[in-house]
Amino acid sequence: SGYIYRYALAMLLGVVAFLEYVIPPIPGDVVGVAGGAWVALESRSPVLLLLVMTVGSMLGIAVMWSIGRAFEQRLAALDPQRKLLWVSVEQIHRTQAALRRRSTSLLVLNRFLPGFRAVVFFAAGASNVSLAKSVVLGGISATMLNGLLLFVGVSIGHNEEALAAFFKRFQTLSFLLLGVVLLAFLARWLWRRRAR
């Protein structure tokens, strides 16, 4: 029963890691830290959880890329203000433009951008960024953050106050990073517009 419980937990984390790319409100970060805390309490190795979470993330990436590829021809004809994947079509077009310029850095950073990662891979599929590149670079990004989340969970263990403090700081830093990226894109757009 111990093995069944262990593998069931690993599979649950893998499913959550998959779903957070397809349904971003899924709290994958919270579950990842909770998995690390379980590892600490049960004196288990975090390697299995990290492997399963990363595979789940890569499968989610592949699904979103495939959906984006299916929409490739239709995106140009859609109203820019129409909502698609909870963001405007215009935002998807901007993400496509960013991917054409800096696909490697954006794919590697995606896992650290809350609520934005699914859009990145949808846009990658619709922008002829290869599936292999999307999955490999997205997998590297997922491995880095999943490893960090598990490490934090293991370090914190059952300390609820430390756990709450971590998530408050993590959320603040994540949105700060997203704001910096968006400001950089805005500055670049304004610079090019002024140059024209």
# chains A, B, ... in the order shown; residues from 1 in each chain; ligands from 1
>>> residues_around(residues="region 10-21 of chain A", least_positions_apart="5", cutoff="6 Å", atoms="only C-alpha atoms", output="PDB file with N, CA, C and O atoms, in the first residue's frame")
ATOM      1  N   ILE A  26      -5.056  26.245 -12.572  1.00  0.00           N
ATOM      2  CA  ILE A  26      -4.665  25.107 -11.734  1.00  0.00           C
ATOM      3  C   ILE A  26      -3.445  25.508 -10.897  1.00  0.00           C
ATOM      4  O   ILE A  26      -2.444  25.969 -11.432  1.00  0.00           O
ATOM      5  N   GLY A  28      -0.524  24.663  -9.771  1.00  0.00           N
ATOM      6  CA  GLY A  28       0.572  23.704  -9.857  1.00  0.00           C
ATOM      7  C   GLY A  28       1.723  24.013  -8.926  1.00  0.00           C
ATOM      8  O   GLY A  28       2.349  23.102  -8.371  1.00  0.00           O
ATOM      9  N   LEU A  49       9.184  12.390  -8.100  1.00  0.00           N
ATOM     10  CA  LEU A  49       8.211  13.467  -8.258  1.00  0.00           C
ATOM     11  C   LEU A  49       8.677  14.468  -9.317  1.00  0.00           C
ATOM     12  O   LEU A  49       7.873  14.919 -10.130  1.00  0.00           O
ATOM     13  N   VAL A  52       8.194  12.897 -12.850  1.00  0.00           N
ATOM     14  CA  VAL A  52       6.790  12.808 -13.263  1.00  0.00           C
ATOM     15  C   VAL A  52       6.218  14.201 -13.535  1.00  0.00           C
ATOM     16  O   VAL A  52       5.482  14.399 -14.511  1.00  0.00           O
ATOM     17  N   MET A  53       6.563  15.185 -12.705  1.00  0.00           N
ATOM     18  CA  MET A  53       6.076  16.552 -12.918  1.00  0.00           C
ATOM     19  C   MET A  53       6.602  17.121 -14.241  1.00  0.00           C
ATOM     20  O   MET A  53       5.878  17.784 -14.975  1.00  0.00           O
ATOM     21  N   GLY A  56       4.797  15.511 -17.121  1.00  0.00           N
ATOM     22  CA  GLY A  56       3.459  16.099 -17.212  1.00  0.00           C
ATOM     23  C   GLY A  56       3.490  17.474 -17.856  1.00  0.00           C
ATOM     24  O   GLY A  56       2.658  17.800 -18.704  1.00  0.00           O
ATOM     25  N   SER A  57       4.476  18.292 -17.469  1.00  0.00           N
ATOM     26  CA  SER A  57       4.626  19.628 -18.055  1.00  0.00           C
ATOM     27  C   SER A  57       4.880  19.536 -19.557  1.00  0.00           C
ATOM     28  O   SER A  57       4.288  20.281 -20.349  1.00  0.00           O
ATOM     29  N   GLY A  60       1.771  18.727 -21.431  1.00  0.00           N
ATOM     30  CA  GLY A  60       0.919  19.909 -21.514  1.00  0.00           C
ATOM     31  C   GLY A  60       1.413  20.887 -22.569  1.00  0.00           C
ATOM     32  O   GLY A  60       0.630  21.469 -23.315  1.00  0.00           O
ATOM     33  N   ALA A 118       0.800  29.016 -21.067  1.00  0.00           N
ATOM     34  CA  ALA A 118      -0.009  28.326 -22.069  1.00  0.00           C
ATOM     35  C   ALA A 118      -0.088  29.137 -23.360  1.00  0.00           C
ATOM     36  O   ALA A 118      -0.045  28.582 -24.460  1.00  0.00           O
TER      37      ALA A 118
END
>>> closest_residue(among="A:Gly36, A:Ala8, A:Leu186, A:Val30", to="Ala98 (chain A)", atoms="only C-alpha atoms")
A:Leu186
>>> select_by_dssp(residues="region 38-123 of chain A", states="helix (DSSP H, G or I)", output="PyMOL selection string")
chain A and resi 38-42+47-75+89-112+117-123
>>> residues_around(residues="region 140-152 of chain A", least_positions_apart="2", cutoff="6 Å", atoms="only C-alpha atoms", output="VMD selection string")
chain A and resid 32 to 33 36 54 108 111 137 to 138 154 to 156
>>> atom_distance(atom1="CA of Leu99 (chain A)", atom2="CA of Val120 (chain A)")
8.1 Å
>>> closest_residue(among="A:Val136, A:Ala40, A:Ala70, A:Leu75", to="Gln91 (chain A)", atoms="only C-alpha atoms")
A:Leu75
>>> residues_around(residues="region 78-82 of chain A", least_positions_apart="5", cutoff="12 Å", atoms="only C-alpha atoms", output="NGL selection string")
:A and (71-73 or 87-94)
>>> write_last_selection(atoms="N, CA, C and O atoms", output="PDB file, in the first residue's frame")
ATOM      1  N   PHE A  71      -4.781  26.274 -35.014  1.00  0.00           N
ATOM      2  CA  PHE A  71      -5.357  27.607 -35.208  1.00  0.00           C
ATOM      3  C   PHE A  71      -4.506  28.492 -36.106  1.00  0.00           C
ATOM      4  O   PHE A  71      -4.882  29.636 -36.370  1.00  0.00           O
ATOM      5  N   GLU A  72      -3.373  27.989 -36.562  1.00  0.00           N
ATOM      6  CA  GLU A  72      -2.412  28.816 -37.296  1.00  0.00           C
ATOM      7  C   GLU A  72      -3.048  29.600 -38.431  1.00  0.00           C
ATOM      8  O   GLU A  72      -2.832  30.811 -38.569  1.00  0.00           O
ATOM      9  N   GLN A  73      -3.836  28.936 -39.265  1.00  0.00           N
ATOM     10  CA  GLN A  73      -4.417  29.592 -40.434  1.00  0.00           C
ATOM     11  C   GLN A  73      -5.588  30.510 -40.071  1.00  0.00           C
ATOM     12  O   GLN A  73      -5.878  31.467 -40.786  1.00  0.00           O
ATOM     13  N   VAL A  87      -7.111  35.461 -23.298  1.00  0.00           N
ATOM     14  CA  VAL A  87      -6.418  36.697 -23.684  1.00  0.00           C
ATOM     15  C   VAL A  87      -6.919  37.105 -25.057  1.00  0.00           C
ATOM     16  O   VAL A  87      -7.556  36.329 -25.755  1.00  0.00           O
ATOM     17  N   SER A  88      -6.621  38.341 -25.455  1.00  0.00           N
ATOM     18  CA  SER A  88      -7.079  38.816 -26.756  1.00  0.00           C
ATOM     19  C   SER A  88      -6.223  38.207 -27.875  1.00  0.00           C
ATOM     20  O   SER A  88      -5.065  37.835 -27.660  1.00  0.00           O
ATOM     21  N   VAL A  89      -6.815  38.126 -29.059  1.00  0.00           N
ATOM     22  CA  VAL A  89      -6.079  37.648 -30.227  1.00  0.00           C
ATOM     23  C   VAL A  89      -4.882  38.560 -30.492  1.00  0.00           C
ATOM     24  O   VAL A  89      -3.813  38.111 -30.900  1.00  0.00           O
ATOM     25  N   GLU A  90      -5.064  39.854 -30.199  1.00  0.00           N
ATOM     26  CA  GLU A  90      -3.960  40.807 -30.374  1.00  0.00           C
ATOM     27  C   GLU A  90      -2.763  40.431 -29.502  1.00  0.00           C
ATOM     28  O   GLU A  90      -1.611  40.508 -29.928  1.00  0.00           O
ATOM     29  N   GLN A  91      -3.036  40.014 -28.258  1.00  0.00           N
ATOM     30  CA  GLN A  91      -1.950  39.596 -27.360  1.00  0.00           C
ATOM     31  C   GLN A  91      -1.244  38.358 -27.901  1.00  0.00           C
ATOM     32  O   GLN A  91      -0.024  38.225 -27.802  1.00  0.00           O
ATOM     33  N   ILE A  92      -2.011  37.458 -28.496  1.00  0.00           N
ATOM     34  CA  ILE A  92      -1.407  36.261 -29.096  1.00  0.00           C
ATOM     35  C   ILE A  92      -0.508  36.659 -30.259  1.00  0.00           C
ATOM     36  O   ILE A  92       0.598  36.133 -30.416  1.00  0.00           O
ATOM     37  N   HIS A  93      -0.971  37.631 -31.065  1.00  0.00           N
ATOM     38  CA  HIS A  93      -0.137  38.104 -32.176  1.00  0.00           C
ATOM     39  C   HIS A  93       1.159  38.727 -31.656  1.00  0.00           C
ATOM     40  O   HIS A  93       2.221  38.532 -32.247  1.00  0.00           O
ATOM     41  N   ARG A  94       1.078  39.476 -30.547  1.00  0.00           N
ATOM     42  CA  ARG A  94       2.286  40.071 -29.976  1.00  0.00           C
ATOM     43  C   ARG A  94       3.236  38.999 -29.462  1.00  0.00           C
ATOM     44  O   ARG A  94       4.456  39.112 -29.597  1.00  0.00           O
TER      45      ARG A  94
END
>>> residues_around(residues="region 130-132 of chain A", least_positions_apart="2", cutoff="7 Å", atoms="only C-alpha atoms", output="PyMOL selection string")
chain A and resi 62+65+128+134-136
>>> select_by_dssp(residues="region 56-114 of chain A", states="strand (DSSP E or B)", output="PyMOL selection string")
chain A and resi 83-84+87-88
>>> write_last_selection(atoms="N, CA and C atoms", output="short mmCIF file (atom, residue, chain, number, x, y, z; two decimals), in the first residue's frame")
data_model
loop_
_atom_site.label_atom_id
_atom_site.label_comp_id
_atom_site.auth_asym_id
_atom_site.auth_seq_id
_atom_site.Cartn_x
_atom_site.Cartn_y
_atom_site.Cartn_z
N LYS A 83 -11.52 37.30 -27.57
CA LYS A 83 -10.81 36.54 -26.55
C LYS A 83 -10.60 35.11 -27.02
N LEU A 84 -9.36 34.65 -26.83
CA LEU A 84 -9.01 33.27 -27.17
C LEU A 84 -7.99 32.84 -26.14
N VAL A 87 -7.11 35.46 -23.30
CA VAL A 87 -6.42 36.70 -23.68
C VAL A 87 -6.92 37.10 -25.06
N SER A 88 -6.62 38.34 -25.45
CA SER A 88 -7.08 38.82 -26.76
C SER A 88 -6.22 38.21 -27.87
#
>>> atom_distance(atom1="CA of Trp189 (chain A)", atom2="CA of Ala97 (chain A)")
10.8 Å
>>> atom_distance(atom1="CA of Leu113 (chain A)", atom2="CA of Ala195 (chain A)")
29.6 Å
>>> residues_around(residues="Val119 (chain A)", least_positions_apart="3", cutoff="10 Å", atoms="only C-alpha atoms", output="number ranges by chain")
A: 21-22, 24, 64-65, 68, 84-87, 91-92, 95-96, 110, 115-116, 122-125
>>> closest_residue(among="A:Leu183, A:Leu9, A:Leu107, A:Gly139", to="Val39 (chain A)", atoms="only C-alpha atoms")
A:Leu9
>>> decode(residues="region 62-104 of chain A", atoms="C-alpha atoms", output="PDB file, in the first residue's frame")
ATOM      1  CA  ALA A  62       2.834  19.499 -26.564  1.00  0.00           C
ATOM      2  CA  VAL A  63      -0.963  19.751 -26.277  1.00  0.00           C
ATOM      3  CA  MET A  64      -0.962  23.564 -26.262  1.00  0.00           C
ATOM      4  CA  TRP A  65       1.500  23.639 -29.170  1.00  0.00           C
ATOM      5  CA  SER A  66      -0.784  21.291 -31.142  1.00  0.00           C
ATOM      6  CA  ILE A  67      -3.837  23.467 -30.461  1.00  0.00           C
ATOM      7  CA  GLY A  68      -1.883  26.533 -31.598  1.00  0.00           C
ATOM      8  CA  ARG A  69      -0.825  24.726 -34.764  1.00  0.00           C
ATOM      9  CA  ALA A  70      -4.459  23.892 -35.507  1.00  0.00           C
ATOM     10  CA  PHE A  71      -5.357  27.607 -35.208  1.00  0.00           C
ATOM     11  CA  GLU A  72      -2.412  28.816 -37.296  1.00  0.00           C
ATOM     12  CA  GLN A  73      -4.417  29.592 -40.434  1.00  0.00           C
ATOM     13  CA  ARG A  74      -7.444  31.002 -38.595  1.00  0.00           C
ATOM     14  CA  LEU A  75      -5.701  33.494 -36.293  1.00  0.00           C
ATOM     15  CA  ALA A  76      -5.126  36.103 -38.989  1.00  0.00           C
ATOM     16  CA  ALA A  77      -8.853  36.252 -39.771  1.00  0.00           C
ATOM     17  CA  LEU A  78     -10.002  36.692 -36.156  1.00  0.00           C
ATOM     18  CA  ASP A  79     -10.952  40.037 -34.631  1.00  0.00           C
ATOM     19  CA  PRO A  80      -7.888  41.258 -32.644  1.00  0.00           C
ATOM     20  CA  GLN A  81     -10.121  42.088 -29.662  1.00  0.00           C
ATOM     21  CA  ARG A  82     -11.697  38.656 -29.560  1.00  0.00           C
ATOM     22  CA  LYS A  83     -10.805  36.543 -26.550  1.00  0.00           C
ATOM     23  CA  LEU A  84      -9.012  33.274 -27.166  1.00  0.00           C
ATOM     24  CA  LEU A  85      -7.377  31.345 -24.339  1.00  0.00           C
ATOM     25  CA  TRP A  86      -8.542  34.056 -21.866  1.00  0.00           C
ATOM     26  CA  VAL A  87      -6.418  36.697 -23.684  1.00  0.00           C
ATOM     27  CA  SER A  88      -7.079  38.816 -26.756  1.00  0.00           C
ATOM     28  CA  VAL A  89      -6.079  37.648 -30.227  1.00  0.00           C
ATOM     29  CA  GLU A  90      -3.960  40.807 -30.374  1.00  0.00           C
ATOM     30  CA  GLN A  91      -1.950  39.596 -27.360  1.00  0.00           C
ATOM     31  CA  ILE A  92      -1.407  36.261 -29.096  1.00  0.00           C
ATOM     32  CA  HIS A  93      -0.137  38.104 -32.176  1.00  0.00           C
ATOM     33  CA  ARG A  94       2.286  40.071 -29.976  1.00  0.00           C
ATOM     34  CA  THR A  95       3.492  36.838 -28.418  1.00  0.00           C
ATOM     35  CA  GLN A  96       4.015  35.401 -31.896  1.00  0.00           C
ATOM     36  CA  ALA A  97       6.085  38.451 -32.845  1.00  0.00           C
ATOM     37  CA  ALA A  98       8.168  38.064 -29.679  1.00  0.00           C
ATOM     38  CA  LEU A  99       8.731  34.381 -30.439  1.00  0.00           C
ATOM     39  CA  ARG A 100       9.983  35.199 -33.935  1.00  0.00           C
ATOM     40  CA  ARG A 101      12.612  37.493 -32.408  1.00  0.00           C
ATOM     41  CA  ARG A 102      13.591  35.641 -29.241  1.00  0.00           C
ATOM     42  CA  SER A 103      11.987  32.223 -29.177  1.00  0.00           C
ATOM     43  CA  THR A 104      14.776  30.541 -27.186  1.00  0.00           C
TER      44      THR A 104
END
